[in-house]
Amino acid sequence: MVKTDFGPPKYLDMMSDLCKRNYGKWKYHEVLDTGTLVHVSESGEKLYTVRAATPRLMHIDTVRAFCDLADKYCGGFFRFTSRHSVEFLIEDEANIEPLKAELHAMGYTPGGVGNTISNMLHTQGWIHCHTPAIDASGIVKSVMDEVFEYYKEAKLPARLRLALACCLNMCGAVHCSDVAIVGVHRVPPKVQDDKISKMCEIPNVVAACPTRAIRPEPAKKSVVVNDERCMYCGNCYTMCPAMPIFDPKNDGAAIFVGGKVSDARHPAMFSKLAVPYIPNEPPRWPTLVKTIRLLIDVYAKDAKEGERYGEWINRIGWEKFFQVTGLPFTDKHIDDYIFSVPTFRSTATFKW
Ligand code: SF4
Ligand code: SF4
């Protein structure tokens, strides 16, 4: 094939010979323990996977250390999952335990396989992105420290997938994770009239707003926001840095529950709003961490074997969900936003 200078390299080039030989022929997989999987092919060949959570933002020395482990035990092959776990792909069963021991020694505990919490899928947060309402890595560290036992031991009725997205753009798979944190802004953007004509393309800004809340103000070479129509999504700020939307007093986190991708037993599900707002409390976000812990503990106790979070809620009913968790059901849970007919029809919140 002609080599090009754009696009990702072809994935087949990065597979081990064993993976190439068995491509499309994997028959089944088994969970060996909370840190190890085995995949078995039609040919009988086996591939073992050791999984461990990483903090996503890693020093180059850590990545090099992972590469060294992969060279030593895996013929140089490892990968990162979309939930930021590192997975070592092992052909020789005898290498599993020594690899795990070295991972442990580096401070990485194998886990997240089977009926556990796997690593938390998350986005960029304050460290990198421009629109976050909450931090990502700081909250993930605080939450994972609190629920670590559910990561190491298979104590849950089914797998539980956590996610975090730091704004409504949802770079994290929040709508289809069992328990998810979403950063929310709660005030409209502040228009900086003096900067806008120098920094922004006004037609683009107007077009970026999904609710048509922005109209041009030609006299000032600026725009005006209709606060009633604004849903605080931050799209305009993505287009135009002269319309900042962040607000330390009002930004915070919402919690959604009950989403899943898998269609085993029950079709895939979107999550719904459980907690509309918890303020930012860096560096350890105690209220948010406590609420996530509560949501997981109640599910662990109440759900039947094999039941995913949303399946459990569907069985007991949303009214009962708010009763058993003790979370208040407020007017903020109800979608009464009347300006957008399409989102009103497809909203993930409860309808008025
Ligand atoms: S979710 Fe929003 S704030 Fe977070 S990384 Fe994505 S675009 Fe940026
Ligand atoms: S925050 Fe979203 S809804 Fe509000 S004005 Fe900007 S683009 Fe429109």
# chains A, B, ... in the order shown; residues from 1 in each chain; ligands from 1

$ select_by_dssp --residues "range 108-260 of chain A" --states "helix (DSSP H, G or I)" --output "number ranges by chain"
A: 125-127, 137-146, 148-152, 174-176, 193-199, 202-208, 218-220, 235-239

$ write_last_selection --atoms "C-alpha atoms" --output "compact mmCIF listing (two decimals), in the first residue's frame"
# COMPACT_ATOMS: atom_id res chain seq x y z
CA GLY A 125 -10.68 18.90 32.66
CA TRP A 126 -8.88 21.95 33.93
CA ILE A 127 -5.51 20.70 32.84
CA SER A 137 -8.31 13.87 36.62
CA GLY A 138 -8.67 15.42 40.08
CA ILE A 139 -12.22 14.11 40.51
CA VAL A 140 -11.36 10.70 39.02
CA LYS A 141 -8.49 10.27 41.48
CA SER A 142 -10.75 11.22 44.41
CA VAL A 143 -13.57 8.88 43.32
CA MET A 144 -11.33 5.93 42.44
CA ASP A 145 -9.54 6.19 45.82
CA GLU A 146 -12.95 5.91 47.51
CA PHE A 148 -10.96 1.11 44.99
CA GLU A 149 -12.25 -2.03 46.75
CA TYR A 150 -14.87 -2.44 43.98
CA TYR A 151 -12.07 -2.23 41.41
CA LYS A 152 -9.87 -4.89 43.05
CA VAL A 174 -21.50 9.59 29.91
CA HIS A 175 -24.85 8.79 28.35
CA CYS A 176 -24.03 5.07 28.11
CA ASP A 193 -18.18 43.43 23.25
CA ASP A 194 -14.76 45.07 22.99
CA LYS A 195 -13.02 41.80 22.06
CA ILE A 196 -15.58 40.01 19.97
CA SER A 197 -15.06 41.87 16.68
CA LYS A 198 -11.31 41.29 16.90
CA MET A 199 -11.38 37.63 17.91
CA ILE A 202 -19.85 36.55 14.17
CA PRO A 203 -21.80 34.38 11.66
CA ASN A 204 -19.99 31.31 13.03
CA VAL A 205 -20.84 32.25 16.60
CA VAL A 206 -24.51 32.76 15.75
CA ALA A 207 -24.61 29.46 13.87
CA ALA A 208 -22.86 27.59 16.72
CA PRO A 218 -24.25 45.17 14.23
CA ALA A 219 -24.11 48.57 15.94
CA LYS A 220 -21.50 47.23 18.38
CA ASN A 235 -20.72 25.86 22.14
CA CYS A 236 -20.42 29.59 21.54
CA TYR A 237 -17.30 29.76 23.71
CA THR A 238 -15.76 26.97 21.66
CA MET A 239 -16.26 29.20 18.59

$ residues_near_ligand --ligand "ligand 1" --cutoff "10 Å" --atoms "only C-alpha atoms and all ligand atoms" --output "PyMOL selection string"
chain A and resi 122-136+164-174+182-184+233-235+238

$ write_last_selection --atoms "N, CA, C and O atoms" --output "compact mmCIF listing (two decimals), in the first residue's frame"
# COMPACT_ATOMS: atom_id res chain seq x y z
N HIS A 122 -12.57 9.23 31.31
CA HIS A 122 -12.71 10.65 31.60
C HIS A 122 -12.04 11.53 30.56
O HIS A 122 -11.33 11.05 29.67
N THR A 123 -12.29 12.81 30.70
CA THR A 123 -11.94 13.78 29.67
C THR A 123 -10.77 14.64 30.15
O THR A 123 -9.99 14.20 30.97
N GLN A 124 -10.67 15.87 29.68
CA GLN A 124 -9.43 16.61 29.91
C GLN A 124 -9.43 17.52 31.14
O GLN A 124 -8.40 17.74 31.76
N GLY A 125 -10.59 18.09 31.46
CA GLY A 125 -10.68 18.90 32.66
C GLY A 125 -9.83 20.16 32.62
O GLY A 125 -9.43 20.64 31.57
N TRP A 126 -9.57 20.67 33.81
CA TRP A 126 -8.88 21.95 33.93
C TRP A 126 -7.47 21.92 33.35
O TRP A 126 -6.91 22.95 33.03
N ILE A 127 -6.90 20.74 33.25
CA ILE A 127 -5.51 20.70 32.84
C ILE A 127 -5.34 21.05 31.36
O ILE A 127 -4.30 21.55 30.96
N HIS A 128 -6.37 20.84 30.56
CA HIS A 128 -6.15 21.07 29.14
C HIS A 128 -7.28 21.77 28.41
O HIS A 128 -7.05 22.65 27.62
N CYS A 129 -8.52 21.38 28.63
CA CYS A 129 -9.59 21.87 27.76
C CYS A 129 -10.01 23.29 28.12
O CYS A 129 -9.70 23.81 29.17
N HIS A 130 -10.75 23.92 27.19
CA HIS A 130 -11.13 25.32 27.40
C HIS A 130 -12.53 25.47 28.00
O HIS A 130 -12.85 26.49 28.55
N THR A 131 -13.41 24.45 27.88
CA THR A 131 -14.79 24.64 28.33
C THR A 131 -15.20 23.87 29.59
O THR A 131 -16.39 23.82 29.90
N PRO A 132 -14.31 23.26 30.34
CA PRO A 132 -14.79 22.42 31.45
C PRO A 132 -15.50 23.19 32.54
O PRO A 132 -15.14 24.32 32.86
N ALA A 133 -16.54 22.55 33.12
CA ALA A 133 -17.21 23.11 34.29
C ALA A 133 -16.66 22.46 35.56
O ALA A 133 -16.89 22.95 36.66
N ILE A 134 -15.97 21.33 35.39
CA ILE A 134 -15.35 20.63 36.52
C ILE A 134 -13.99 20.12 36.06
O ILE A 134 -13.70 20.10 34.86
N ASP A 135 -13.17 19.69 37.02
CA ASP A 135 -11.92 19.05 36.64
C ASP A 135 -12.21 17.59 36.27
O ASP A 135 -13.28 17.05 36.59
N ALA A 136 -11.28 16.94 35.57
CA ALA A 136 -11.46 15.52 35.23
C ALA A 136 -10.55 14.66 36.12
O ALA A 136 -11.02 13.95 37.00
N LEU A 164 -16.71 10.16 33.29
CA LEU A 164 -16.78 11.59 33.62
C LEU A 164 -16.54 12.40 32.36
O LEU A 164 -15.61 12.12 31.60
N ALA A 165 -17.40 13.39 32.13
CA ALA A 165 -17.14 14.38 31.08
C ALA A 165 -17.21 15.75 31.74
O ALA A 165 -18.13 16.01 32.52
N CYS A 166 -16.26 16.61 31.44
CA CYS A 166 -16.19 17.86 32.20
C CYS A 166 -17.06 18.96 31.62
O CYS A 166 -17.15 20.05 32.17
N CYS A 167 -17.74 18.73 30.48
CA CYS A 167 -18.78 19.66 30.03
C CYS A 167 -19.78 18.89 29.18
O CYS A 167 -19.60 17.70 28.92
N LEU A 168 -20.82 19.59 28.71
CA LEU A 168 -21.89 18.91 27.98
C LEU A 168 -21.44 18.39 26.61
O LEU A 168 -22.18 17.64 25.97
N ASN A 169 -20.27 18.81 26.14
CA ASN A 169 -19.77 18.24 24.89
C ASN A 169 -19.57 16.74 25.04
O ASN A 169 -19.57 16.01 24.05
N MET A 170 -19.38 16.29 26.27
CA MET A 170 -19.37 14.86 26.60
C MET A 170 -18.34 14.05 25.83
O MET A 170 -18.69 13.06 25.17
N CYS A 171 -17.08 14.46 25.89
CA CYS A 171 -16.04 13.63 25.31
C CYS A 171 -15.99 12.27 26.01
O CYS A 171 -15.45 11.32 25.47
N GLY A 172 -16.53 12.17 27.21
CA GLY A 172 -16.61 10.88 27.91
C GLY A 172 -17.96 10.24 27.60
O GLY A 172 -18.93 10.94 27.37
N ALA A 173 -18.03 8.90 27.61
CA ALA A 173 -19.26 8.20 27.22
C ALA A 173 -20.27 8.20 28.36
O ALA A 173 -20.68 7.17 28.88
N VAL A 174 -20.69 9.42 28.72
CA VAL A 174 -21.50 9.59 29.91
C VAL A 174 -22.91 9.02 29.76
O VAL A 174 -23.46 8.42 30.67
N VAL A 182 -21.09 14.61 35.02
CA VAL A 182 -21.02 15.57 33.91
C VAL A 182 -20.86 16.97 34.47
O VAL A 182 -21.62 17.37 35.36
N GLY A 183 -19.89 17.70 33.94
CA GLY A 183 -19.72 19.09 34.35
C GLY A 183 -20.81 19.95 33.75
O GLY A 183 -21.11 19.83 32.56
N VAL A 184 -21.43 20.80 34.60
CA VAL A 184 -22.50 21.66 34.08
C VAL A 184 -22.23 23.13 34.41
O VAL A 184 -21.87 23.47 35.52
N CYS A 233 -24.61 25.50 27.16
CA CYS A 233 -23.85 24.38 26.59
C CYS A 233 -22.38 24.74 26.34
O CYS A 233 -21.52 23.87 26.31
N GLY A 234 -22.09 26.00 26.13
CA GLY A 234 -20.70 26.41 25.91
C GLY A 234 -20.24 26.31 24.47
O GLY A 234 -19.07 26.59 24.17
N ASN A 235 -21.12 25.94 23.55
CA ASN A 235 -20.72 25.86 22.14
C ASN A 235 -20.20 27.18 21.62
O ASN A 235 -19.25 27.22 20.83
N THR A 238 -16.65 27.77 22.49
CA THR A 238 -15.76 26.97 21.66
C THR A 238 -15.43 27.72 20.37
O THR A 238 -14.30 27.69 19.88

$ residues_near_ligand --ligand "ligand 2" --cutoff "10 Å" --atoms "only C-alpha atoms and all ligand atoms" --output "MDAnalysis selection string"
chainID A and resid 168 185:191 205:215 223:240 243:245

$ residues_around --residues "Trp312 in chain A" --least-positions-apart "5" --cutoff "8 Å" --atoms "only C-alpha atoms" --output "ChimeraX atom specification"
/A:299,303-304,307

$ select_by_dssp --residues "range 80-256 of chain A" --states "strand (DSSP E or B)" --output "PDB file with N, CA and C atoms, in the first residue's frame"
ATOM      1  N   PHE A  80      -3.782   0.607  25.237  1.00  0.00           N
ATOM      2  CA  PHE A  80      -4.593   1.359  26.194  1.00  0.00           C
ATOM      3  C   PHE A  80      -6.056   1.239  25.783  1.00  0.00           C
ATOM      4  N   SER A  85      -7.363   2.148  30.781  1.00  0.00           N
ATOM      5  CA  SER A  85      -6.623   1.066  31.424  1.00  0.00           C
ATOM      6  C   SER A  85      -5.497   0.679  30.481  1.00  0.00           C
ATOM      7  N   VAL A  86      -4.419   0.120  31.061  1.00  0.00           N
ATOM      8  CA  VAL A  86      -3.370  -0.438  30.219  1.00  0.00           C
ATOM      9  C   VAL A  86      -3.612  -1.944  30.180  1.00  0.00           C
ATOM     10  N   GLU A  87      -3.511  -2.541  28.990  1.00  0.00           N
ATOM     11  CA  GLU A  87      -3.714  -3.979  28.866  1.00  0.00           C
ATOM     12  C   GLU A  87      -2.493  -4.628  28.223  1.00  0.00           C
ATOM     13  N   PHE A  88      -1.910  -5.571  28.958  1.00  0.00           N
ATOM     14  CA  PHE A  88      -0.760  -6.322  28.441  1.00  0.00           C
ATOM     15  C   PHE A  88      -1.260  -7.620  27.826  1.00  0.00           C
ATOM     16  N   LEU A  89      -0.843  -7.894  26.604  1.00  0.00           N
ATOM     17  CA  LEU A  89      -1.350  -9.043  25.856  1.00  0.00           C
ATOM     18  C   LEU A  89      -0.299 -10.145  25.870  1.00  0.00           C
ATOM     19  N   ILE A  90      -0.588 -11.199  26.632  1.00  0.00           N
ATOM     20  CA  ILE A  90       0.418 -12.213  26.946  1.00  0.00           C
ATOM     21  C   ILE A  90       0.102 -13.526  26.241  1.00  0.00           C
ATOM     22  N   PRO A 110      -3.473  -4.582  39.268  1.00  0.00           N
ATOM     23  CA  PRO A 110      -4.339  -5.184  38.260  1.00  0.00           C
ATOM     24  C   PRO A 110      -5.780  -5.259  38.784  1.00  0.00           C
ATOM     25  N   ILE A 117     -15.712  -2.377  39.167  1.00  0.00           N
ATOM     26  CA  ILE A 117     -15.641  -1.073  38.524  1.00  0.00           C
ATOM     27  C   ILE A 117     -14.356  -1.087  37.720  1.00  0.00           C
ATOM     28  N   LEU A 121     -13.590   6.193  32.662  1.00  0.00           N
ATOM     29  CA  LEU A 121     -13.406   6.922  31.414  1.00  0.00           C
ATOM     30  C   LEU A 121     -13.531   8.411  31.716  1.00  0.00           C
ATOM     31  N   LEU A 160     -19.717  -2.529  36.497  1.00  0.00           N
ATOM     32  CA  LEU A 160     -20.209  -1.172  36.688  1.00  0.00           C
ATOM     33  C   LEU A 160     -19.221  -0.225  36.021  1.00  0.00           C
ATOM     34  N   LEU A 162     -17.985   3.470  35.123  1.00  0.00           N
ATOM     35  CA  LEU A 162     -18.046   4.872  35.537  1.00  0.00           C
ATOM     36  C   LEU A 162     -17.472   5.747  34.439  1.00  0.00           C
ATOM     37  N   ALA A 163     -17.997   6.966  34.309  1.00  0.00           N
ATOM     38  CA  ALA A 163     -17.454   7.887  33.322  1.00  0.00           C
ATOM     39  C   ALA A 163     -17.549   9.310  33.837  1.00  0.00           C
ATOM     40  N   LEU A 164     -16.711  10.164  33.289  1.00  0.00           N
ATOM     41  CA  LEU A 164     -16.776  11.586  33.625  1.00  0.00           C
ATOM     42  C   LEU A 164     -16.540  12.398  32.364  1.00  0.00           C
ATOM     43  N   ALA A 165     -17.397  13.393  32.133  1.00  0.00           N
ATOM     44  CA  ALA A 165     -17.141  14.378  31.084  1.00  0.00           C
ATOM     45  C   ALA A 165     -17.214  15.746  31.745  1.00  0.00           C
ATOM     46  N   VAL A 179     -22.810   4.777  35.906  1.00  0.00           N
ATOM     47  CA  VAL A 179     -22.843   5.955  36.780  1.00  0.00           C
ATOM     48  C   VAL A 179     -21.893   6.973  36.180  1.00  0.00           C
ATOM     49  N   ALA A 180     -22.365   8.208  35.991  1.00  0.00           N
ATOM     50  CA  ALA A 180     -21.532   9.166  35.270  1.00  0.00           C
ATOM     51  C   ALA A 180     -21.630  10.565  35.860  1.00  0.00           C
ATOM     52  N   ILE A 181     -20.509  11.253  35.801  1.00  0.00           N
ATOM     53  CA  ILE A 181     -20.417  12.629  36.284  1.00  0.00           C
ATOM     54  C   ILE A 181     -20.290  13.545  35.067  1.00  0.00           C
ATOM     55  N   VAL A 182     -21.089  14.610  35.022  1.00  0.00           N
ATOM     56  CA  VAL A 182     -21.018  15.567  33.914  1.00  0.00           C
ATOM     57  C   VAL A 182     -20.862  16.971  34.473  1.00  0.00           C
ATOM     58  N   GLY A 183     -19.891  17.698  33.945  1.00  0.00           N
ATOM     59  CA  GLY A 183     -19.722  19.089  34.354  1.00  0.00           C
ATOM     60  C   GLY A 183     -20.813  19.947  33.752  1.00  0.00           C
ATOM     61  N   VAL A 184     -21.434  20.801  34.596  1.00  0.00           N
ATOM     62  CA  VAL A 184     -22.501  21.665  34.075  1.00  0.00           C
ATOM     63  C   VAL A 184     -22.228  23.129  34.408  1.00  0.00           C
ATOM     64  N   ILE A 214     -28.389  33.315  20.175  1.00  0.00           N
ATOM     65  CA  ILE A 214     -27.459  34.416  19.871  1.00  0.00           C
ATOM     66  C   ILE A 214     -27.911  35.146  18.611  1.00  0.00           C
ATOM     67  N   ARG A 215     -28.011  36.492  18.705  1.00  0.00           N
ATOM     68  CA  ARG A 215     -28.269  37.238  17.469  1.00  0.00           C
ATOM     69  C   ARG A 215     -27.232  38.352  17.338  1.00  0.00           C
ATOM     70  N   PRO A 216     -26.946  38.758  16.084  1.00  0.00           N
ATOM     71  CA  PRO A 216     -25.918  39.778  15.895  1.00  0.00           C
ATOM     72  C   PRO A 216     -26.380  41.134  16.429  1.00  0.00           C
ATOM     73  N   GLU A 217     -25.440  41.936  16.824  1.00  0.00           N
ATOM     74  CA  GLU A 217     -25.709  43.316  17.267  1.00  0.00           C
ATOM     75  C   GLU A 217     -24.789  44.211  16.437  1.00  0.00           C
ATOM     76  N   SER A 222     -20.961  43.224  17.554  1.00  0.00           N
ATOM     77  CA  SER A 222     -20.935  42.177  18.575  1.00  0.00           C
ATOM     78  C   SER A 222     -22.202  41.323  18.479  1.00  0.00           C
ATOM     79  N   VAL A 223     -22.506  40.588  19.553  1.00  0.00           N
ATOM     80  CA  VAL A 223     -23.719  39.766  19.578  1.00  0.00           C
ATOM     81  C   VAL A 223     -24.459  39.985  20.894  1.00  0.00           C
ATOM     82  N   VAL A 224     -25.722  39.556  20.921  1.00  0.00           N
ATOM     83  CA  VAL A 224     -26.508  39.599  22.152  1.00  0.00           C
ATOM     84  C   VAL A 224     -27.006  38.181  22.425  1.00  0.00           C
ATOM     85  N   VAL A 225     -26.981  37.776  23.690  1.00  0.00           N
ATOM     86  CA  VAL A 225     -27.484  36.452  24.054  1.00  0.00           C
ATOM     87  C   VAL A 225     -28.843  36.606  24.733  1.00  0.00           C
ATOM     88  N   GLY A 252     -20.389  23.250  38.239  1.00  0.00           N
ATOM     89  CA  GLY A 252     -20.378  22.091  39.136  1.00  0.00           C
ATOM     90  C   GLY A 252     -20.701  20.822  38.369  1.00  0.00           C
ATOM     91  N   ALA A 253     -21.058  19.765  39.116  1.00  0.00           N
ATOM     92  CA  ALA A 253     -21.250  18.458  38.493  1.00  0.00           C
ATOM     93  C   ALA A 253     -22.684  17.979  38.637  1.00  0.00           C
ATOM     94  N   ALA A 254     -23.172  17.297  37.601  1.00  0.00           N
ATOM     95  CA  ALA A 254     -24.425  16.554  37.679  1.00  0.00           C
ATOM     96  C   ALA A 254     -24.070  15.066  37.630  1.00  0.00           C
ATOM     97  N   ILE A 255     -24.946  14.222  38.149  1.00  0.00           N
ATOM     98  CA  ILE A 255     -24.698  12.777  38.086  1.00  0.00           C
ATOM     99  C   ILE A 255     -25.830  12.108  37.302  1.00  0.00           C
ATOM    100  N   PHE A 256     -25.451  11.307  36.316  1.00  0.00           N
ATOM    101  CA  PHE A 256     -26.407  10.534  35.526  1.00  0.00           C
ATOM    102  C   PHE A 256     -26.217   9.043  35.839  1.00  0.00           C
TER     103      PHE A 256
END

$ atom_distance --atom1 "CA of Val261 in chain A" --atom2 "CA of Tyr28 in chain A"
18.9 Å

$ residues_around --residues "Lys301 in chain A" --least-positions-apart "5" --cutoff "9 Å" --atoms "only C-alpha atoms" --output "count of residues only"
3

$ residues_around --residues "range 56-70 of chain A" --least-positions-apart "5" --cutoff "6 Å" --atoms "only C-alpha atoms" --output "PDB file with N, CA and C atoms, in the first residue's frame"
ATOM      1  N   GLY A  76       6.474  -7.295  23.176  1.00  0.00           N
ATOM      2  CA  GLY A  76       6.387  -5.889  22.791  1.00  0.00           C
ATOM      3  C   GLY A  76       4.976  -5.370  22.571  1.00  0.00           C
ATOM      4  N   PHE A  77       3.942  -6.176  22.903  1.00  0.00           N
ATOM      5  CA  PHE A  77       2.571  -5.747  22.593  1.00  0.00           C
ATOM      6  C   PHE A  77       1.778  -5.388  23.849  1.00  0.00           C
ATOM      7  N   HIS A  84      -8.943   4.122  29.614  1.00  0.00           N
ATOM      8  CA  HIS A  84      -7.596   4.472  30.097  1.00  0.00           C
ATOM      9  C   HIS A  84      -6.971   3.401  30.981  1.00  0.00           C
TER      10      HIS A  84
END

$ atom_distance --atom1 "CA of Leu99 in chain A" --atom2 "CA of Gly24 in chain A"
27.3 Å

$ closest_residue --among "A:Ile338, A:Ala268, A:Ala105, A:Val275" --to "Thr287 in chain A" --atoms "only C-alpha atoms"
A:Val275

$ atom_distance --atom1 "CA of Lys260 in chain A" --atom2 "CA of Arg161 in chain A"
8.0 Å

$ decode --residues "range 31-50 of chain A" --atoms "N, CA and C atoms" --output "PDB file, in the first residue's frame"
ATOM      1  N   VAL A  31     -13.192 -14.699  32.281  1.00  0.00           N
ATOM      2  CA  VAL A  31     -12.558 -13.881  33.316  1.00  0.00           C
ATOM      3  C   VAL A  31     -11.809 -14.829  34.249  1.00  0.00           C
ATOM      4  N   LEU A  32     -10.482 -14.705  34.315  1.00  0.00           N
ATOM      5  CA  LEU A  32      -9.710 -15.590  35.192  1.00  0.00           C
ATOM      6  C   LEU A  32      -9.678 -15.047  36.614  1.00  0.00           C
ATOM      7  N   ASP A  33      -9.459 -13.750  36.750  1.00  0.00           N
ATOM      8  CA  ASP A  33      -9.620 -13.070  38.035  1.00  0.00           C
ATOM      9  C   ASP A  33      -9.865 -11.597  37.729  1.00  0.00           C
ATOM     10  N   THR A  34      -9.942 -10.738  38.755  1.00  0.00           N
ATOM     11  CA  THR A  34     -10.355  -9.346  38.512  1.00  0.00           C
ATOM     12  C   THR A  34      -9.322  -8.559  37.693  1.00  0.00           C
ATOM     13  N   GLY A  35      -8.132  -9.159  37.476  1.00  0.00           N
ATOM     14  CA  GLY A  35      -7.149  -8.441  36.662  1.00  0.00           C
ATOM     15  C   GLY A  35      -6.785  -9.169  35.374  1.00  0.00           C
ATOM     16  N   THR A  36      -7.390 -10.334  35.129  1.00  0.00           N
ATOM     17  CA  THR A  36      -6.938 -11.163  34.007  1.00  0.00           C
ATOM     18  C   THR A  36      -8.078 -11.782  33.201  1.00  0.00           C
ATOM     19  N   LEU A  37      -7.918 -11.705  31.874  1.00  0.00           N
ATOM     20  CA  LEU A  37      -8.863 -12.323  30.944  1.00  0.00           C
ATOM     21  C   LEU A  37      -8.120 -13.315  30.061  1.00  0.00           C
ATOM     22  N   VAL A  38      -8.842 -14.309  29.530  1.00  0.00           N
ATOM     23  CA  VAL A  38      -8.242 -15.125  28.480  1.00  0.00           C
ATOM     24  C   VAL A  38      -9.207 -15.150  27.288  1.00  0.00           C
ATOM     25  N   HIS A  39      -8.658 -14.951  26.095  1.00  0.00           N
ATOM     26  CA  HIS A  39      -9.437 -15.073  24.864  1.00  0.00           C
ATOM     27  C   HIS A  39      -9.017 -16.355  24.164  1.00  0.00           C
ATOM     28  N   VAL A  40     -10.002 -17.139  23.715  1.00  0.00           N
ATOM     29  CA  VAL A  40      -9.702 -18.411  23.069  1.00  0.00           C
ATOM     30  C   VAL A  40     -10.207 -18.357  21.625  1.00  0.00           C
ATOM     31  N   SER A  41      -9.337 -18.788  20.708  1.00  0.00           N
ATOM     32  CA  SER A  41      -9.677 -18.731  19.286  1.00  0.00           C
ATOM     33  C   SER A  41     -10.226 -20.074  18.801  1.00  0.00           C
ATOM     34  N   GLU A  42     -10.828 -20.049  17.613  1.00  0.00           N
ATOM     35  CA  GLU A  42     -11.319 -21.293  16.993  1.00  0.00           C
ATOM     36  C   GLU A  42     -10.198 -22.318  16.854  1.00  0.00           C
ATOM     37  N   SER A  43      -8.974 -21.826  16.626  1.00  0.00           N
ATOM     38  CA  SER A  43      -7.831 -22.727  16.453  1.00  0.00           C
ATOM     39  C   SER A  43      -7.354 -23.305  17.779  1.00  0.00           C
ATOM     40  N   GLY A  44      -7.908 -22.794  18.911  1.00  0.00           N
ATOM     41  CA  GLY A  44      -7.477 -23.262  20.228  1.00  0.00           C
ATOM     42  C   GLY A  44      -6.391 -22.383  20.823  1.00  0.00           C
ATOM     43  N   GLU A  45      -5.847 -21.462  20.025  1.00  0.00           N
ATOM     44  CA  GLU A  45      -4.803 -20.572  20.560  1.00  0.00           C
ATOM     45  C   GLU A  45      -5.414 -19.637  21.592  1.00  0.00           C
ATOM     46  N   LYS A  46      -4.586 -19.260  22.603  1.00  0.00           N
ATOM     47  CA  LYS A  46      -5.081 -18.422  23.693  1.00  0.00           C
ATOM     48  C   LYS A  46      -4.264 -17.143  23.815  1.00  0.00           C
ATOM     49  N   LEU A  47      -4.933 -16.071  24.185  1.00  0.00           N
ATOM     50  CA  LEU A  47      -4.257 -14.812  24.462  1.00  0.00           C
ATOM     51  C   LEU A  47      -4.739 -14.318  25.826  1.00  0.00           C
ATOM     52  N   TYR A  48      -3.788 -14.092  26.739  1.00  0.00           N
ATOM     53  CA  TYR A  48      -4.138 -13.617  28.085  1.00  0.00           C
ATOM     54  C   TYR A  48      -3.987 -12.101  28.143  1.00  0.00           C
ATOM     55  N   THR A  49      -4.899 -11.455  28.870  1.00  0.00           N
ATOM     56  CA  THR A  49      -4.833 -10.004  29.036  1.00  0.00           C
ATOM     57  C   THR A  49      -4.733  -9.662  30.515  1.00  0.00           C
ATOM     58  N   VAL A  50      -3.739  -8.867  30.870  1.00  0.00           N
ATOM     59  CA  VAL A  50      -3.666  -8.326  32.234  1.00  0.00           C
ATOM     60  C   VAL A  50      -4.003  -6.848  32.157  1.00  0.00           C
TER      61      VAL A  50
END
